[in-house]
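Colleague: Hey, dropping start-v4.txt in here, compact mmCIF, C-alpha atoms:
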# COMPACT_ATOMS: atom_id res chain seq x y z
CA MET B 9 36.98 110.45 141.80
CA ASN B 10 34.91 113.45 142.79
CA LYS B 11 33.36 114.27 146.13
CA ALA B 12 29.86 113.12 145.35
CA SER B 13 30.90 109.61 144.45
CA LEU B 14 33.04 109.40 147.57
CA LYS B 15 30.04 110.37 149.62
CA SER B 16 27.84 107.68 148.12
CA LYS B 17 30.52 105.02 148.12
CA TYR B 18 31.68 105.23 151.72
CA PRO B 19 28.79 106.61 153.79
CA ILE B 20 30.03 104.90 156.95
CA LEU B 21 33.56 106.25 156.65
CA ARG B 22 32.22 109.72 156.06
CA ASN B 23 29.98 109.58 159.09
CA LEU B 24 32.82 108.25 161.21
CA PHE B 25 35.00 111.12 160.11
CA ILE B 26 32.37 113.72 160.92
CA THR B 27 31.79 112.19 164.33
CA ALA B 28 35.54 112.25 164.98
CA THR B 29 35.77 115.96 164.25
CA TRP B 30 33.35 116.61 167.10
CA ILE B 31 35.51 114.78 169.67
CA PRO B 32 37.76 117.82 170.28
CA VAL B 33 34.67 119.94 170.87
CA VAL B 34 33.38 117.55 173.52
CA LEU B 35 36.85 117.33 175.10
CA THR B 36 37.18 121.11 175.17
CA ILE B 37 33.87 121.43 176.96
CA THR B 38 34.62 118.70 179.50
CA THR B 39 38.09 120.04 180.29
CA ASN B 40 37.23 123.73 180.35
CA VAL B 41 33.57 124.42 180.91
CA THR B 42 31.66 121.73 182.73
CA ASN B 43 31.84 118.06 183.55
CA ILE B 44 30.39 115.44 185.84
CA ALA B 45 32.33 113.58 188.50
CA GLN B 46 31.78 110.81 190.98
CA ILE B 47 32.55 111.48 194.60
CA ASP B 48 34.68 108.89 196.33
CA GLY B 49 35.19 108.48 200.07
CA ILE B 50 33.63 109.74 203.23
CA SER B 51 35.45 112.99 203.93
CA MET B 52 32.52 115.22 202.88
CA ARG B 53 29.85 113.53 204.97
CA PRO B 54 27.05 114.43 205.57
CA THR B 55 26.97 116.78 202.57
CA LEU B 56 28.14 114.29 199.94
CA ASN B 57 28.05 110.47 200.00
CA PRO B 58 25.90 110.43 203.18
CA THR B 59 25.59 106.64 203.26
CA ASP B 60 27.70 103.70 202.17
CA PHE B 61 25.06 102.46 199.72
CA SER B 62 25.56 104.84 196.84
CA LYS B 63 28.10 107.25 195.47
CA ASP B 64 27.04 110.75 194.46
CA TRP B 65 27.54 112.10 190.98
CA VAL B 66 28.00 115.86 190.86
CA LEU B 67 28.03 118.56 188.22
CA LEU B 68 31.26 120.58 188.08
CA TRP B 69 31.75 124.11 186.83
CA LYS B 70 35.25 124.50 185.37
CA TRP B 71 35.33 127.75 183.39
CA LYS B 72 38.55 129.24 184.76
CA TRP B 73 37.99 132.93 184.01
CA SER B 74 35.00 133.03 186.29
CA LEU B 75 36.34 130.41 188.65
CA TYR B 76 39.49 132.10 189.97
CA LYS B 77 37.70 135.32 190.85
CA ASN B 78 34.61 133.74 192.32
CA LEU B 79 35.93 131.12 194.69
CA LYS B 80 34.30 131.97 197.99
CA LYS B 81 34.14 130.60 201.45
CA ASN B 82 31.75 127.61 201.71
CA ASP B 83 32.13 126.61 198.08
CA ILE B 84 32.72 122.92 197.53
CA ILE B 85 35.58 122.37 195.10
CA ILE B 86 37.43 119.54 193.42
CA PHE B 87 41.18 120.06 193.10
CA LYS B 88 44.39 118.18 192.39
CA SER B 89 45.99 116.99 195.60
CA PRO B 90 49.12 119.10 196.17
CA MET B 91 51.00 115.98 197.28
CA ASP B 92 50.02 113.84 194.30
CA TYR B 93 48.58 115.31 191.09
CA ARG B 94 46.96 111.98 190.14
CA LYS B 95 44.59 112.20 193.10
CA LYS B 96 41.60 114.52 192.95
CA LEU B 97 40.15 115.71 196.24
CA CYS B 98 36.78 117.19 197.10
CA LYS B 99 36.64 119.64 200.01
CA ARG B 100 34.93 122.78 201.24
CA ILE B 101 36.72 126.14 201.16
CA THR B 102 37.03 127.52 204.68
CA GLY B 103 39.44 130.35 204.01
CA ILE B 104 40.51 132.57 201.12
CA GLU B 105 43.52 134.86 200.58
CA ASN B 106 44.50 137.14 203.48
CA ASP B 107 42.34 135.22 205.97
CA LEU B 108 43.77 134.34 209.35
CA ILE B 109 43.27 130.63 209.92
CA THR B 110 43.32 128.81 213.24
CA THR B 111 44.71 125.42 212.37
CA LYS B 112 44.01 121.98 213.82
CA HIS B 113 46.12 119.03 214.87
CA PRO B 114 48.75 117.86 212.36
CA TYR B 115 49.60 121.40 211.25
CA PRO B 116 52.80 122.55 212.95
CA VAL B 117 51.85 126.21 213.49
CA ASP B 118 48.79 127.50 215.40
CA ARG B 119 47.81 130.31 213.08
CA VAL B 120 48.53 131.13 209.45
CA VAL B 121 47.67 134.03 207.18
CA LEU B 122 46.83 132.75 203.71
CA PRO B 123 49.05 134.10 200.91
CA LYS B 124 47.69 135.64 197.72
CA SER B 125 45.54 133.28 195.60
CA HIS B 126 45.68 130.51 198.19
CA LEU B 127 42.78 128.61 199.73
CA TRP B 128 42.26 126.75 202.96
CA VAL B 129 40.16 123.61 202.44
CA ASN B 130 38.54 121.23 204.93
CA GLY B 131 36.36 118.16 204.73
CA ASP B 132 32.92 118.36 206.32
CA ASN B 133 33.68 115.12 208.12
CA THR B 134 36.39 116.63 210.29
CA PHE B 135 37.73 113.41 211.76
CA HIS B 136 38.01 111.46 208.51
CA SER B 137 39.54 114.00 206.23
CA ILE B 138 43.01 114.71 204.89
CA ASP B 139 42.85 118.43 204.25
CA SER B 140 44.73 121.70 204.66
CA ASN B 141 45.61 120.79 208.24
CA THR B 142 47.86 118.14 206.69
CA PHE B 143 49.11 119.68 203.47
CA GLY B 144 48.64 123.39 204.16
CA ALA B 145 47.02 126.03 201.98
CA ILE B 146 46.59 125.17 198.31
CA SER B 147 47.16 127.46 195.33
CA SER B 148 43.93 128.17 193.46
CA GLY B 149 45.78 127.05 190.34
CA LEU B 150 45.19 123.47 191.54
CA VAL B 151 41.41 123.87 191.51
CA ILE B 152 39.70 121.80 188.83
CA GLY B 153 36.13 122.89 189.37
CA LYS B 154 33.36 123.97 191.67
CA VAL B 155 30.61 121.51 192.64
CA VAL B 156 27.31 123.01 191.49
CA CYS B 157 24.79 120.29 192.26
CA VAL B 158 24.26 116.61 192.93
CA ILE B 159 22.69 114.97 189.89
CA TRP B 160 22.67 111.30 190.82
CA PRO B 161 21.05 109.45 192.60
CA PRO B 162 17.84 111.39 191.77
CA SER B 163 16.62 111.25 195.35
CA ARG B 164 19.56 113.42 196.36
CA TRP B 165 19.09 116.02 193.64
CA GLN B 166 20.13 119.37 195.14
CA PHE B 167 21.91 122.63 194.39
CA PHE B 168 24.70 124.10 196.49
CA SER B 169 23.86 127.74 196.58
CA ASN B 170 26.26 129.97 198.41
CA ASP B 171 24.50 132.92 200.01
CA GLU B 172 26.14 134.11 203.18
CA MET R 26 52.87 127.58 200.14
CA ALA R 27 51.71 124.20 200.94
CA PRO R 28 52.76 122.21 202.85
CA PRO R 29 54.73 123.74 205.72
CA VAL R 30 58.47 123.20 205.35
CA THR R 31 61.06 123.73 208.04
CA ILE R 32 64.56 125.09 207.59
CA GLN R 33 67.33 122.81 208.80
CA THR R 34 70.99 123.47 209.41
CA LYS R 35 73.93 121.40 208.25
CA GLU R 36 74.43 119.95 211.74
CA GLU R 37 70.83 118.77 211.97
CA LEU R 38 71.07 117.15 208.55
CA ASP R 39 74.29 115.33 209.44
CA ILE R 40 72.63 113.81 212.50
CA LEU R 41 69.59 112.75 210.45
CA GLU R 42 71.83 111.21 207.81
CA LYS R 43 73.75 109.24 210.38
CA VAL R 44 70.55 107.82 211.85
CA ASN R 45 69.22 106.91 208.42
CA ARG R 46 72.44 105.21 207.42
CA LYS R 47 72.28 103.01 210.49
CA ASN R 48 68.71 102.01 209.67
CA ARG R 49 69.56 100.73 206.19
CA LYS R 50 73.06 99.42 206.31
CA ASP R 51 72.79 97.11 203.31
CA ASP R 52 71.60 99.74 200.89
CA THR R 53 74.50 102.05 201.49
CA LYS R 54 77.05 99.34 200.83
CA LYS R 55 75.78 98.78 197.29
CA SER R 56 75.98 102.42 196.33
CA ALA R 57 78.44 103.71 198.84
CA LYS R 58 80.23 105.99 196.42
CA PRO R 59 78.51 109.37 196.18
CA LYS R 60 78.03 110.90 192.73
CA LYS R 61 78.26 114.61 192.18
CA TYR R 62 76.08 116.65 189.86
CA SER R 63 75.87 120.34 189.11
CA ILE R 64 73.41 122.84 187.67
CA THR R 65 74.78 126.13 186.42
CA GLN R 66 72.61 129.21 186.77
CA TYR R 67 73.54 132.87 186.37
CA GLU R 68 73.51 136.26 187.99
CA CYS R 69 73.10 138.98 185.43
CA PHE R 70 73.67 142.72 185.74
CA ASP R 71 73.40 145.70 183.46
CA ASN R 72 76.95 146.98 183.17
CA ASP R 73 78.18 150.50 182.43
CA LYS R 74 77.94 150.02 178.67
CA GLY R 75 74.27 149.11 178.89
CA GLN R 76 74.88 145.45 178.13
CA ILE R 77 73.86 142.50 180.21
CA GLU R 78 76.73 140.72 181.91
CA CYS R 79 76.19 137.27 183.39
CA PHE R 80 78.26 135.47 186.00
CA PRO R 81 77.75 131.73 186.32
CA PHE R 82 76.72 130.30 189.64
CA LYS R 83 77.13 126.59 190.05
CA ARG R 84 75.00 124.55 192.40
CA ILE R 85 76.44 121.18 193.39
CA PHE R 86 74.40 118.16 194.40
CA GLN R 87 75.65 114.97 195.97
CA GLN R 88 73.72 111.79 195.40
CA VAL R 89 73.95 108.47 197.20
CA GLY R 90 71.40 106.04 195.79
CA GLU R 91 68.09 107.91 195.92
CA TYR R 92 69.26 110.42 198.49
CA ARG R 93 70.26 113.77 197.06
CA ARG R 94 71.59 116.74 198.94
CA GLU R 95 72.99 120.08 197.87
CA ILE R 96 76.57 120.75 198.91
CA THR R 97 77.13 124.18 197.42
CA ASP R 98 79.22 126.39 199.68
CA GLU R 99 81.61 129.33 199.59
CA THR R 100 84.41 127.20 198.14
CA THR R 101 82.50 125.78 195.14
CA ASN R 102 82.12 129.03 193.21
CA MET R 103 85.60 130.47 193.37
CA MET S 20 21.77 130.39 155.99
CA LYS S 21 22.83 126.80 155.65
CA THR S 22 26.35 127.71 154.56
CA ALA S 23 26.73 130.19 157.42
CA PHE S 24 25.85 127.42 159.81
CA LYS S 25 28.28 125.05 158.16
CA VAL S 26 31.15 127.55 158.21
CA SER S 27 30.67 128.38 161.88
CA SER S 28 30.43 124.70 162.73
CA ILE S 29 33.73 124.01 160.99
CA PHE S 30 35.24 127.03 162.72
CA VAL S 31 34.18 125.80 166.17
CA ARG S 32 35.54 122.33 165.49
CA SER S 33 38.93 123.61 164.32
CA VAL S 34 39.31 126.01 167.24
CA CYS S 35 38.54 123.17 169.65
CA LEU S 36 41.01 120.87 167.90
CA LEU S 37 43.69 123.54 168.19
CA HIS S 38 42.82 124.04 171.83
CA ILE S 39 43.09 120.32 172.58
CA VAL S 40 46.49 120.16 170.89
CA HIS S 41 47.59 123.17 172.96
CA GLU S 42 46.25 121.66 176.14
CA PHE S 43 47.59 118.13 175.85
CA PHE S 44 50.38 117.94 173.26
CA TYR S 45 52.28 121.01 172.17
CA GLU S 46 52.28 124.76 172.54
CA PHE S 47 54.28 127.55 170.93
CA THR S 48 54.09 130.65 173.04
CA GLU S 49 55.75 133.98 173.78
CA THR S 50 57.64 134.57 177.01
CA LYS S 51 58.40 137.81 178.74
CA GLY S 52 60.57 138.75 181.65
CA GLU S 53 64.16 138.77 182.75
CA SER S 54 64.07 135.76 185.01
CA MET S 55 65.53 133.24 182.53
CA ILE S 56 68.35 135.34 181.02
CA PRO S 57 70.69 134.16 179.46
CA THR S 58 68.79 130.97 178.52
CA ILE S 59 65.71 132.82 177.28
CA ASN S 60 65.69 136.50 176.31
CA ALA S 61 63.61 139.09 178.09
CA ARG S 62 61.46 139.79 175.02
CA ASN S 63 60.64 138.45 171.57
CA ASP S 64 61.52 134.90 172.52
CA TYR S 65 59.02 132.17 171.71
CA VAL S 66 59.26 128.78 173.39
CA HIS S 67 58.22 125.29 172.30
CA VAL S 68 56.44 123.56 175.15
CA SER S 69 55.77 119.83 175.30
CA LYS S 70 52.61 119.01 177.25
CA ARG S 71 53.62 115.41 177.74
CA TYR S 72 55.22 116.62 180.95
CA LYS S 73 51.99 118.18 182.23
CA ASN S 74 51.67 117.84 186.01
CA GLY S 75 55.39 117.24 186.24
CA LYS S 76 55.16 113.73 184.83
CA ASN S 77 58.73 112.40 184.31
CA VAL S 78 60.44 115.76 184.83
CA LYS S 79 64.06 115.61 185.90
CA LEU S 80 66.36 117.81 187.92
CA GLY S 81 67.63 120.59 185.67
CA ASP S 82 64.67 120.65 183.27
CA CYS S 83 63.27 123.96 182.12
CA ILE S 84 59.50 124.08 182.62
CA VAL S 85 56.41 126.28 182.40
CA ALA S 86 54.18 126.39 185.48
CA ILE S 87 51.16 128.24 186.76
CA LYS S 88 52.30 130.92 189.19
CA PRO S 89 51.12 129.77 192.64
CA THR S 90 50.33 133.29 193.80
CA ASP S 91 48.45 134.22 190.64
CA PRO S 92 46.91 131.39 188.59
CA LYS S 93 46.30 133.67 185.61
CA GLN S 94 50.03 134.08 185.08
CA ARG S 95 52.50 131.48 183.99
CA VAL S 96 56.17 131.35 184.83
CA CYS S 97 59.09 129.73 183.14
CA LYS S 98 61.78 128.38 185.47
CA ARG S 99 64.32 125.64 185.97
CA ILE S 100 63.77 122.75 188.37
CA THR S 101 66.53 122.84 190.97
CA GLY S 102 64.98 120.40 193.42
CA LEU S 103 62.73 117.36 193.06
CA GLU S 104 60.68 115.75 195.81
CA ASN S 105 62.76 114.49 198.75
CA ASP S 106 65.84 116.44 197.65
CA ILE S 107 67.61 118.46 200.28
CA ILE S 108 68.54 121.83 198.90
CA LEU S 109 69.78 125.23 200.02
CA VAL S 110 67.12 127.93 200.19
CA ASP S 111 69.22 130.66 198.61
CA PRO S 112 72.93 130.05 198.16
CA SER S 113 73.28 132.73 195.49
CA ILE S 114 72.98 135.81 197.68
CA CYS S 115 76.53 135.46 198.88
CA ASN S 116 78.29 134.28 195.79
CA SER S 117 81.78 134.52 194.41
CA ASN S 118 84.27 137.34 194.16
CA GLU S 119 82.79 139.08 191.12
CA LEU S 120 79.60 139.74 193.00
CA LYS S 121 81.30 141.42 195.91
CA LYS S 122 81.91 144.32 193.59
CA TYR S 123 78.16 144.88 193.49
CA ASN S 124 77.00 144.12 196.99
CA ASN S 125 78.83 143.80 200.26
CA THR S 126 78.23 140.37 201.70
CA THR S 127 79.03 139.79 205.32
CA VAL S 128 79.98 136.76 207.36
CA SER S 129 76.50 136.36 208.80
CA ASP S 130 75.06 136.16 205.27
CA VAL S 131 77.51 133.41 204.44
CA ASN S 132 76.28 131.52 207.44
CA TYR S 133 72.71 131.89 206.29
CA CYS S 134 73.02 131.06 202.62
CA PHE S 135 75.16 127.95 202.94
CA ASN S 136 73.54 126.66 206.08
CA SER S 137 69.77 126.75 205.66
CA PHE S 138 68.47 123.61 203.99
CA ILE S 139 64.95 122.47 203.25
CA LYS S 140 63.63 119.11 202.15
CA VAL S 141 61.29 119.36 199.16
CA PRO S 142 58.01 117.65 200.21
CA LYS S 143 56.29 114.88 198.32
CA GLY S 144 54.63 115.94 195.06
CA HIS S 145 56.46 119.27 194.94
CA VAL S 146 59.42 120.82 193.14
CA TRP S 147 61.78 123.71 193.79
CA LEU S 148 61.94 126.23 190.96
CA THR S 149 64.50 128.95 190.32
CA GLY S 150 65.02 131.25 187.36
CA ASP S 151 68.35 131.06 185.54
CA ASN S 152 68.90 134.74 186.24
CA LEU S 153 69.11 134.38 189.99
CA ASN S 154 69.04 138.04 190.92
CA HIS S 155 66.06 139.02 188.74
CA SER S 156 63.72 136.16 189.39
CA ILE S 157 60.70 135.72 191.62
CA ASP S 158 60.60 132.00 192.25
CA SER S 159 60.57 129.32 194.94
CA ARG S 160 62.86 131.49 197.03
CA SER S 161 59.91 133.81 197.62
CA TYR S 162 56.83 131.61 197.13
CA ASN S 163 58.29 128.37 198.46
CA VAL S 164 57.91 124.88 196.95
CA VAL S 165 55.54 124.47 193.99
CA SER S 166 53.09 121.61 193.62
CA MET S 167 53.72 119.41 190.57
CA GLY S 168 50.05 119.80 189.66
CA LEU S 169 50.86 123.37 188.64
CA ILE S 170 53.44 122.34 186.03
CA VAL S 171 52.06 122.94 182.53
CA GLY S 172 54.81 121.51 180.36
CA LYS S 173 58.50 121.25 179.60
CA ILE S 174 60.37 123.66 177.34
CA TYR S 175 62.52 121.88 174.80
CA GLY S 176 63.35 124.69 172.42
CA ALA S 177 63.05 128.38 171.73
CA ASN S 178 62.98 130.77 168.79
CA ASP S 179 64.53 134.20 168.99
CA PHE S 180 62.67 136.51 166.62
CA ASN S 181 65.18 139.29 167.28
CA LYS S 182 67.39 137.34 164.88
CA GLY S 183 64.41 136.67 162.67
CA SER S 184 65.57 135.26 159.36
CA TRP S 185 64.71 131.94 157.85
CA ARG S 186 68.36 131.18 157.22
CA ASP S 187 69.18 130.70 160.89
CA LEU S 188 65.77 129.07 161.50
CA PHE S 189 64.53 132.20 163.30
CA GLY S 190 67.10 131.80 166.03
CA PHE S 191 66.01 128.29 166.96
CA ARG S 192 67.97 126.46 169.60
CA PHE S 193 67.28 123.55 171.90
CA ILE S 194 66.89 124.27 175.59
CA ARG S 195 68.63 121.47 177.37
CA ASN S 196 68.66 120.03 180.81
CA THR S 197 71.69 121.60 182.48
CA LEU S 198 72.35 118.88 185.03
CA GLU S 199 75.92 117.72 184.60
CA ARG S 200 77.94 114.96 186.18
CA GLU S 201 80.89 116.35 188.10
CA PRO S 202 84.22 114.51 188.04
CA ASP S 203 84.85 112.39 191.12
CA GLU S 204 87.72 113.30 193.35
Show this structure as structure tokens.
Modeller:
Amino acid sequence: MNKASLKSKYPILRNLFITATWIPVVLTITTNVTNIAQIDGISMRPTLNPTDFSKDWVLLWKWKWSLYKNLKKNDIIIFKSPMDYRKKLCKRITGIENDLITTKHPYPVDRVVLPKSHLWVNGDNTFHSIDSNTFGAISSGLVIGKVVCVIWPPSRWQFFSNDE
Amino acid sequence: MAPPVTIQTKEELDILEKVNRKNRKDDTKKSAKPKKYSITQYECFDNDKGQIECFPFKRIFQQVGEYRREITDETTNM
Amino acid sequence: MKTAFKVSSIFVRSVCLLHIVHEFFYEFTETKGESMIPTINARNDYVHVSKRYKNGKNVKLGDCIVAIKPTDPKQRVCKRITGLENDIILVDPSICNSNELKKYNNTTVSDVNYCFNSFIKVPKGHVWLTGDNLNHSIDSRSYNVVSMGLIVGKIYGANDFNKGSWRDLFGFRFIRNTLEREPDE
């Protein structure tokens, strides 16, 4: 049986196969370049999820080569929780490497200097947030992506620019 | 470096262990006998002949139920 | 024009497929550095990494793993797990070791007090990593506990291309978990 007859005989199979070969491409993009994510919880109020009625969908930038160098103070990031890799957390960066941080309540020491490639993260909603004051500085290797903008609901459409 | 960890001494650990044992008396009866495990790692040096020479270093762990504690000391690597 | 488009499309798809396999299933990669001697050589050793253990899923005490270096996410390190969460372990018992070592460095009584009497408890979601070559390894003893989210995969074998011939399978050997049961007293 030659190729042409295969093509005409099983058009559905052929199309299925071609679609399947694009799955790795989509996966590569969503794991390495960009993706969307839904924000859960109230720890980033009022910036994200300002009310109980809807959950924000955000656009994430994940491209690591630019990410590690460009993480700055005030960026909102999503990262794997250092205490449990299954949980993803969304917080704002409030300190980068070599910064001297004045810590808050549960943290046992008053001041810390952040080690190389480590970040200090806090929720905007200070009183309802499990953040670096609980689990300490996080390695930037745990960062999944940077929140670029809110894309849903449309009424909340906004970019998070970071000009200091 | 997250999260902050504190260094404890043997004496502090012994006290903690005693308290914990009191709190869960039934559990310790079932698995009262501690099991011992070891991991062997090495310390390697370049010797005079330009070869690498490795000396084993054994780390010993004692496990009771879920509780595991290292018991390596100066007598375990003679 | 049409064929050029087709070829590049096939190229993109195969590169992405390879990447996905690397990311989630299996990777064969070179390692460098003295920290895992004698288990893995300092150069020309290639390791087989299983990504099923990504994020430290199901890793056990004594496993040999690859992780992102906490102080530099662009680098990866290859170490052995010598403490799982909730384990109580010694920070650095090796600095005052047995008699052979005393030839090389003079250990004192105060050192002995330090190395066999400073314990830490590994926090939830973290592991303690040390290289097999304890005196040439930068590991948890300097950068503290490592979050399981930084674990990339588990090493289950290695090829030594110094002994590169097909007859001895290019120096293939399994890298095993070195945790052993000690005889009871």
Colleague: Excluding Val171 (chain S) and its own-chain neighbours fewer than 6 positions away, which residues fall within 7 Å of it when counting all atoms listed in the file? Please give them as a list in words.
Modeller: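 These residues fall inside the cut-off: Lys70, Lys73, Asn74, Val85, Ala86 and Ile87 of chain S.
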Colleague: Would you give me, as a PyMOL selection string, the residues of chain R that come within 10 Å of chain S, using all atoms listed in the file?
Modeller: chain R and resi 26-38+58-70+77-88+91-103
Colleague: With 6 Å as the cut-off and all atoms listed in the file counted, what is the closest atom pair between each nearby residue of chain B and chain R? Distances in Å to one decimal, ordered by chain and number, as CSV.
Modeller:
residue,atom,partner,partner_atom,distance
B:Phe143,CA,R:Pro28,CA,4.5
B:Gly144,CA,R:Pro28,CA,4.5
B:Ala145,CA,R:Ala27,CA,5.1
B:Ile146,CA,R:Ala27,CA,5.8
Colleague: Between CA of Glu49 (chain S) and CA of Asp64 (chain S), what is the distance, to one decimal in Å?
Modeller: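 We find that CA of Glu49 (chain S) and CA of Asp64 (chain S) lie 6.0 Å from each other.
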Colleague: What's the separation between CA of Arg53 (chain B) and CA of Ser169 (chain B), in Å to one decimal place?
Modeller: 17.6 Å
Colleague: Could you tell me which of S:Thr48, S:Gln94, S:Asn60, S:Ser69 comes closest to chain B if we count all atoms listed in the file?
Modeller: S:Gln94
Colleague: Need the shell around region 85-92 of chain B: protein/DNA/RNA residues with any atom at most 7 Å away, counting only C-alpha atoms. Skip same-chain ones fewer than 5 positions apart. Format as an mmCIF file with C-alpha atoms, keeping the file's coordinate frame?
Modeller:
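Contents of part-v5.cif, as written:
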data_model
loop_
_atom_site.group_PDB
_atom_site.id
_atom_site.type_symbol
_atom_site.label_atom_id
_atom_site.label_comp_id
_atom_site.auth_asym_id
_atom_site.auth_seq_id
_atom_site.Cartn_x
_atom_site.Cartn_y
_atom_site.Cartn_z
ATOM 1 C CA LEU B 97 40.150 115.710 196.240
ATOM 2 C CA CYS B 98 36.780 117.190 197.100
ATOM 3 C CA LYS B 99 36.640 119.640 200.010
ATOM 4 C CA ARG B 100 34.930 122.780 201.240
ATOM 5 C CA ILE B 146 46.590 125.170 198.310
ATOM 6 C CA LEU B 150 45.190 123.470 191.540
ATOM 7 C CA VAL B 151 41.410 123.870 191.510
ATOM 8 C CA ILE B 152 39.700 121.800 188.830
ATOM 9 C CA GLY B 153 36.130 122.890 189.370
ATOM 10 C CA LYS B 154 33.360 123.970 191.670
ATOM 11 C CA VAL B 155 30.610 121.510 192.640
ATOM 12 C CA LYS S 143 56.290 114.880 198.320
ATOM 13 C CA GLY S 144 54.630 115.940 195.060
ATOM 14 C CA HIS S 145 56.460 119.270 194.940
ATOM 15 C CA SER S 166 53.090 121.610 193.620
ATOM 16 C CA GLY S 168 50.050 119.800 189.660
#
Colleague: How many Å lie between CA of Arg62 (chain S) and CA of Phe180 (chain S), rounded to one decimal?
Modeller: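 Interatomic distance here is 9.1 Å.
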Colleague: Between B:Leu56, B:Leu122, B:Ile101, B:Ile44, which is the closest to chain S once you count only C-alpha atoms?
Modeller: B:Leu122
Colleague: Near Arg119 (chain B), counting all atoms listed in the file, which residues have an atom at most 12 Å away, once you skip same-chain residues fewer than 4 positions from it, shown as a ChimeraX atom specification?
Modeller: /B:107-113,115,141,144-145
Colleague: What residues in chain B have any atom no more than 10 Å from chain S when counting all atoms listed in the file, and can you write them as number ranges by chain?
Modeller: B: 29-37, 39, 72-73, 76, 87-95, 105, 123-126, 143, 146-151
